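Everything on this sheet refers to the single structure shown next.
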Amino acid sequence: MPVTLPMDQPSLVVLTALFGSHYAVVCGTLAGQRVVAPVSFAVPACCGDYQVLCERTLRALLVPGQPLAVQAHALAPDPRTGLVAVDILLDAGGRTVTDLIISRGWAVPTWPCSAQAQEALAWARQSHAGIWSETGVSASSLGLSAALERATAPPPAAAHAAVVWGCLVVLLAALAAETAARPVAAARAGVTGVMRVPLSLGRWYAGGLLRPRSGAQATGRR
């Protein structure tokens with residue numbers, strides 16, 4: 001009889017063996033009875049070469065002997081493998097490893113999906129993470145359903161353009177204010193310089209620099 005895990009609440013199990021990056025054996029206590037069950041991880045297929053990054057992340061997170069919080073992905077075992085498909089929980093908020101992979105732009109979820117997966121996909125599309133940073137990639141080319149594409153569409157470019165134009169307006173206003181202040185500052189400096197000239201001449205005259213020399217006066221008398 002296959003072992004089933006609850007879908008409505010997480011189960012704390014211990015990872016005893018790991019096969020590749022998608023299959024494992026876990027042990028735990030279910031309904032007061034200790035069981036050992038093979039499971040598969042409900043991780044979506046990655047896009048292209050991002051599968052390598054996904055497998056590295058899974059191997060870093062899945063260390064045999066450590067406890068894991070898992071939750072059944074479906075009521076019945078997978079008919080293709082006969083194994084229970086589980087989601088690996090990252091925190092108490094219900095965020096899974098699948099959500100982490102989607103937020104990094106390595107994979108896309110299928111519709112319908114959880115609210116966390118939609119949020120992760122929206123973040124990846126808005127920040128151009130992973131597959132979304134490549135040129136020529138669209139939601140339809142990745143097999144994203146129309147409903148999921150509309151629900152996770154990034155904000156229009158007009159919003160970003162408005163922010164850029166706002167910054168330019170502030171910058172131009174600051175430059176205009178500085179340019180208008182320059183003639184006033186120059187005029188003040190000119191007036192100050194004109195007032196300094198008579199004062200300087202007075203000081204020179206008082207010091208005898210502008211007084212006629214005694215030799216010149218004697219020559220004139222002769």
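Identifiers in this document derive from the order of the structure tokens: chains are assigned A, B, ..., residues are numbered from 1 separately in each chain, and ligands are numbered from 1 in order of occurrence.
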
Problem - Residue contacts of A:Glu119 (8 Å, only C-alpha atoms) excluding same-chain residues fewer than 4 positions away, as an MDAnalysis selection string - result: chainID A and resid 115 123 152

Dump as a PDB file, in the first residue's frame, selection limited to N, CA and C atoms:
ATOM      1  N   ALA A 115      -0.552  30.865  -5.312  1.00  0.00           N
ATOM      2  CA  ALA A 115      -0.316  32.307  -5.291  1.00  0.00           C
ATOM      3  C   ALA A 115       1.176  32.609  -5.151  1.00  0.00           C
ATOM      4  N   TRP A 123       7.810  38.226 -10.251  1.00  0.00           N
ATOM      5  CA  TRP A 123       9.101  38.814  -9.870  1.00  0.00           C
ATOM      6  C   TRP A 123      10.160  38.514 -10.917  1.00  0.00           C
ATOM      7  N   THR A 152       0.630  37.526 -14.354  1.00  0.00           N
ATOM      8  CA  THR A 152       2.007  37.809 -13.924  1.00  0.00           C
ATOM      9  C   THR A 152       2.711  38.769 -14.866  1.00  0.00           C
TER      10      THR A 152
END

Problem - Proximity to A:Val137 - best of A:Ala17, A:Leu75, A:Cys47, A:Val169, only C-alpha atoms - result: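 With only C-alpha atoms as the atom set, the closest residue is A:Cys47.
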
Problem - Point-to-point distance in Å for atom CA of A:Asp99 and atom CA of A:Cys27 - result: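 According to the coordinates, atom CA of A:Cys27 and atom CA of A:Asp99 are separated by 24.3 Å.
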
Practice task
Skip A:Ala31 itself and residues of its chain fewer than 3 positions away, then list as JSON, numbers by chain all residues within 12 Å of it, counting only C-alpha atoms.
Solution key: {"A": [3, 4, 5, 6, 11, 28, 34, 35]}

Practice task
Give the answer as one residue: which of A:Leu30, A:Ala69, A:Val108, A:Ala42 has the shortest atom-to-atom distance to A:Asp91, using only C-alpha atoms?
Solution key: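 Between A:Leu30, A:Ala69, A:Val108, A:Ala42, the residue approaching A:Asp91 most closely is A:Ala69.
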
Handout entry: DSSP helix (DSSP H, G or I) residues within stretch 84-145 of chain A, as a list of chain:residue names
Key =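 Filtering stretch 84-145 of chain A to helix (DSSP H, G or I) leaves A:Val97, A:Thr98, A:Asp99, A:Leu100, A:Ile101, A:Ile102, A:Ser103, A:Ala115, A:Gln116, A:Ala117, A:Gln118, A:Glu119, A:Ala120, A:Leu121, A:Ala122, A:Trp123, A:Ala124, A:Arg125, A:Gln126, A:Ser127, A:Gly130, A:Ile131, A:Trp132, A:Ser133.
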
Problem - Residue neighbourhood A:Ala117, 8 Å, only C-alpha atoms, exclusion window fewer than 3 positions, as a PyMOL selection string - result: chain A and resi 98-99+102+109+113-114+120-121

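Put simply, atom CA of A:Ala129 is 21.4 Å away from atom CA of A:Arg59.
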
Problem - Minimum-distance residue to A:Glu134, chosen among A:Pro38, A:Gly20, A:Pro64, A:Gly105 (using only C-alpha atoms) - result: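 For A:Glu134, the nearest of the given residues is A:Gly105.
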
Exercise for the section: Give the strand (DSSP E or B) residues of stretch 23-98 of chain A, as DSSP finds them on the backbone, and put them as an MDAnalysis selection string. Expected result: chainID A and resid 23:30 33:41 46 67:72 84:89 96

Store the residues picked out above, limited to N, CA and C atoms, as an mmCIF file, in the first residue's frame.
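Saved file result-v6.cif follows:
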data_model
loop_
_atom_site.group_PDB
_atom_site.id
_atom_site.type_symbol
_atom_site.label_atom_id
_atom_site.label_comp_id
_atom_site.auth_asym_id
_atom_site.auth_seq_id
_atom_site.Cartn_x
_atom_site.Cartn_y
_atom_site.Cartn_z
ATOM 1 N N TYR A 23 14.683 12.446 -6.745
ATOM 2 C CA TYR A 23 14.105 11.302 -6.048
ATOM 3 C C TYR A 23 14.860 11.075 -4.738
ATOM 4 N N ALA A 24 14.117 10.638 -3.732
ATOM 5 C CA ALA A 24 14.729 10.445 -2.415
ATOM 6 C C ALA A 24 13.896 9.468 -1.607
ATOM 7 N N VAL A 25 14.467 9.096 -0.466
ATOM 8 C CA VAL A 25 13.768 8.273 0.514
ATOM 9 C C VAL A 25 13.721 9.065 1.812
ATOM 10 N N VAL A 26 12.536 9.177 2.380
ATOM 11 C CA VAL A 26 12.350 9.928 3.617
ATOM 12 C C VAL A 26 11.727 9.007 4.649
ATOM 13 N N CYS A 27 11.967 9.332 5.904
ATOM 14 C CA CYS A 27 11.343 8.591 6.995
ATOM 15 C C CYS A 27 10.730 9.588 7.958
ATOM 16 N N GLY A 28 9.623 9.223 8.542
ATOM 17 C CA GLY A 28 8.928 10.102 9.472
ATOM 18 C C GLY A 28 7.833 9.357 10.194
ATOM 19 N N THR A 29 7.119 10.104 10.994
ATOM 20 C CA THR A 29 6.017 9.526 11.759
ATOM 21 C C THR A 29 4.701 10.043 11.195
ATOM 22 N N LEU A 30 3.882 9.148 10.693
ATOM 23 C CA LEU A 30 2.599 9.486 10.103
ATOM 24 C C LEU A 30 1.504 8.728 10.839
ATOM 25 N N GLN A 33 2.644 6.359 13.411
ATOM 26 C CA GLN A 33 3.398 5.190 12.968
ATOM 27 C C GLN A 33 4.595 5.642 12.150
ATOM 28 N N ARG A 34 5.747 5.100 12.427
ATOM 29 C CA ARG A 34 6.964 5.468 11.726
ATOM 30 C C ARG A 34 7.022 4.727 10.399
ATOM 31 N N VAL A 35 7.208 5.498 9.337
ATOM 32 C CA VAL A 35 7.204 4.909 7.996
ATOM 33 C C VAL A 35 8.426 5.400 7.235
ATOM 34 N N VAL A 36 8.799 4.625 6.243
ATOM 35 C CA VAL A 36 9.862 4.970 5.305
ATOM 36 C C VAL A 36 9.262 4.911 3.910
ATOM 37 N N ALA A 37 9.409 5.999 3.161
ATOM 38 C CA ALA A 37 8.730 6.073 1.874
ATOM 39 C C ALA A 37 9.625 6.717 0.834
ATOM 40 N N PRO A 38 9.622 6.172 -0.389
ATOM 41 C CA PRO A 38 10.305 6.858 -1.502
ATOM 42 C C PRO A 38 9.406 7.974 -2.036
ATOM 43 N N VAL A 39 9.991 9.088 -2.368
ATOM 44 C CA VAL A 39 9.233 10.240 -2.849
ATOM 45 C C VAL A 39 9.952 10.845 -4.052
ATOM 46 N N SER A 40 9.214 11.644 -4.779
ATOM 47 C CA SER A 40 9.797 12.458 -5.848
ATOM 48 C C SER A 40 9.485 13.914 -5.547
ATOM 49 N N PHE A 41 10.378 14.786 -5.945
ATOM 50 C CA PHE A 41 10.198 16.207 -5.679
ATOM 51 C C PHE A 41 9.437 16.852 -6.837
ATOM 52 N N CYS A 46 13.052 22.592 -15.993
ATOM 53 C CA CYS A 46 13.740 23.855 -16.220
ATOM 54 C C CYS A 46 13.905 24.137 -17.706
ATOM 55 N N PRO A 67 16.636 17.124 8.514
ATOM 56 C CA PRO A 67 15.172 17.145 8.485
ATOM 57 C C PRO A 67 14.657 18.056 7.375
ATOM 58 N N LEU A 68 13.518 17.689 6.828
ATOM 59 C CA LEU A 68 12.881 18.455 5.769
ATOM 60 C C LEU A 68 11.404 18.631 6.091
ATOM 61 N N ALA A 69 10.879 19.770 5.738
ATOM 62 C CA ALA A 69 9.434 20.010 5.816
ATOM 63 C C ALA A 69 8.869 19.820 4.420
ATOM 64 N N VAL A 70 8.057 18.799 4.235
ATOM 65 C CA VAL A 70 7.505 18.485 2.923
ATOM 66 C C VAL A 70 5.988 18.481 3.009
ATOM 67 N N GLN A 71 5.369 18.596 1.855
ATOM 68 C CA GLN A 71 3.918 18.589 1.762
ATOM 69 C C GLN A 71 3.534 17.913 0.456
ATOM 70 N N ALA A 72 2.542 17.058 0.518
ATOM 71 C CA ALA A 72 2.142 16.309 -0.675
ATOM 72 C C ALA A 72 1.679 17.264 -1.763
ATOM 73 N N VAL A 84 5.106 9.223 -4.371
ATOM 74 C CA VAL A 84 4.426 10.402 -3.850
ATOM 75 C C VAL A 84 5.243 11.636 -4.226
ATOM 76 N N ALA A 85 4.606 12.583 -4.888
ATOM 77 C CA ALA A 85 5.276 13.838 -5.251
ATOM 78 C C ALA A 85 5.089 14.833 -4.113
ATOM 79 N N VAL A 86 6.185 15.404 -3.648
ATOM 80 C CA VAL A 86 6.132 16.320 -2.506
ATOM 81 C C VAL A 86 6.768 17.647 -2.878
ATOM 82 N N ASP A 87 6.286 18.702 -2.215
ATOM 83 C CA ASP A 87 6.897 20.027 -2.287
ATOM 84 C C ASP A 87 7.800 20.205 -1.075
ATOM 85 N N ILE A 88 8.960 20.780 -1.278
ATOM 86 C CA ILE A 88 9.894 21.044 -0.194
ATOM 87 C C ILE A 88 9.660 22.470 0.276
ATOM 88 N N LEU A 89 9.284 22.637 1.524
ATOM 89 C CA LEU A 89 8.980 23.955 2.073
ATOM 90 C C LEU A 89 10.267 24.625 2.556
ATOM 91 N N THR A 96 8.054 27.357 -1.363
ATOM 92 C CA THR A 96 8.668 26.082 -1.685
ATOM 93 C C THR A 96 9.924 26.275 -2.522
#

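Of note, atom CA of A:Asp49 and atom CA of A:Ala74 are spaced 27.9 Å apart.
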
Practice task
Return the single residue from A:Leu171, A:Ser127, A:Pro112, A:Leu58 that is closest to A:Ala147, with distances computed using only C-alpha atoms.
Solution key: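 Ranked by minimum distance to A:Ala147, first place goes to A:Pro112.
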
At a cut-off of 10 Å, can you tabulate as JSON lines every residue of stretch 103-147 of chain A near stretch 50-55 of chain A together with its closest atom pair and the distance in Å to one decimal, using only C-alpha atoms and ordering rows by chain then number?
{"residue": "A:Arg104", "atom": "CA", "partner": "A:Cys54", "partner_atom": "CA", "distance": 9.6}
{"residue": "A:Gly105", "atom": "CA", "partner": "A:Tyr50", "partner_atom": "CA", "distance": 8.5}
{"residue": "A:Trp106", "atom": "CA", "partner": "A:Tyr50", "partner_atom": "CA", "distance": 5.4}
{"residue": "A:Ala107", "atom": "CA", "partner": "A:Tyr50", "partner_atom": "CA", "distance": 7.9}
{"residue": "A:Gly130", "atom": "CA", "partner": "A:Tyr50", "partner_atom": "CA", "distance": 7.8}
{"residue": "A:Ile131", "atom": "CA", "partner": "A:Tyr50", "partner_atom": "CA", "distance": 8.1}

Practice task
For A:Ala122, list every protein, DNA or RNA residue within 10 Å, evaluated using only C-alpha atoms, and leave out those in the same chain fewer than 6 positions away; present the list as a ChimeraX atom specification.
Solution key: /A:102-103,105,116,128,148-155

Prev. selection, N, CA and C atoms, output as a PDB file, in the first residue's frame:
ATOM      1  N   ILE A 102      11.437  29.244  -9.697  1.00  0.00           N
ATOM      2  CA  ILE A 102      10.674  30.096 -10.621  1.00  0.00           C
ATOM      3  C   ILE A 102      11.102  31.554 -10.478  1.00  0.00           C
ATOM      4  N   SER A 103      11.336  32.012  -9.242  1.00  0.00           N
ATOM      5  CA  SER A 103      11.727  33.409  -9.031  1.00  0.00           C
ATOM      6  C   SER A 103      13.089  33.715  -9.627  1.00  0.00           C
ATOM      7  N   GLY A 105      14.012  32.567 -12.467  1.00  0.00           N
ATOM      8  CA  GLY A 105      13.855  32.514 -13.914  1.00  0.00           C
ATOM      9  C   GLY A 105      14.368  31.249 -14.547  1.00  0.00           C
ATOM     10  N   GLN A 116       1.905  31.756  -4.404  1.00  0.00           N
ATOM     11  CA  GLN A 116       3.342  31.974  -4.246  1.00  0.00           C
ATOM     12  C   GLN A 116       4.067  31.785  -5.576  1.00  0.00           C
ATOM     13  N   HIS A 128      13.647  40.493 -15.013  1.00  0.00           N
ATOM     14  CA  HIS A 128      14.360  39.886 -16.145  1.00  0.00           C
ATOM     15  C   HIS A 128      15.401  38.880 -15.647  1.00  0.00           C
ATOM     16  N   LEU A 148      -2.142  32.724 -17.030  1.00  0.00           N
ATOM     17  CA  LEU A 148      -0.969  32.955 -16.179  1.00  0.00           C
ATOM     18  C   LEU A 148      -0.130  34.110 -16.710  1.00  0.00           C
ATOM     19  N   GLU A 149      -0.111  34.286 -18.018  1.00  0.00           N
ATOM     20  CA  GLU A 149       0.621  35.415 -18.597  1.00  0.00           C
ATOM     21  C   GLU A 149      -0.007  36.737 -18.182  1.00  0.00           C
ATOM     22  N   ARG A 150      -1.333  36.812 -18.199  1.00  0.00           N
ATOM     23  CA  ARG A 150      -2.005  38.043 -17.784  1.00  0.00           C
ATOM     24  C   ARG A 150      -1.840  38.298 -16.292  1.00  0.00           C
ATOM     25  N   ALA A 151      -1.862  37.234 -15.490  1.00  0.00           N
ATOM     26  CA  ALA A 151      -1.779  37.401 -14.038  1.00  0.00           C
ATOM     27  C   ALA A 151      -0.396  37.823 -13.574  1.00  0.00           C
ATOM     28  N   THR A 152       0.630  37.526 -14.354  1.00  0.00           N
ATOM     29  CA  THR A 152       2.007  37.809 -13.924  1.00  0.00           C
ATOM     30  C   THR A 152       2.711  38.769 -14.866  1.00  0.00           C
ATOM     31  N   ALA A 153       1.964  39.496 -15.672  1.00  0.00           N
ATOM     32  CA  ALA A 153       2.584  40.413 -16.633  1.00  0.00           C
ATOM     33  C   ALA A 153       3.298  41.533 -15.894  1.00  0.00           C
ATOM     34  N   PRO A 154       4.507  41.899 -16.325  1.00  0.00           N
ATOM     35  CA  PRO A 154       5.219  43.016 -15.681  1.00  0.00           C
ATOM     36  C   PRO A 154       4.529  44.326 -15.980  1.00  0.00           C
ATOM     37  N   PRO A 155       4.774  45.362 -15.187  1.00  0.00           N
ATOM     38  CA  PRO A 155       4.138  46.650 -15.433  1.00  0.00           C
ATOM     39  C   PRO A 155       4.556  47.207 -16.782  1.00  0.00           C
TER      40      PRO A 155
END

Exercise for the section: Counting only C-alpha atoms, figure out which residue out of A:Ile101, A:Leu144, A:Ala177, A:Leu12 gets nearest to A:Arg56. Expected result: A:Ile101

Fill in the blank from the handout: Using only C-alpha atoms, the best pick from A:Val170, A:Ala45, A:Ala60, A:Ala76 as closest to A:Leu142 would be A:Ala45
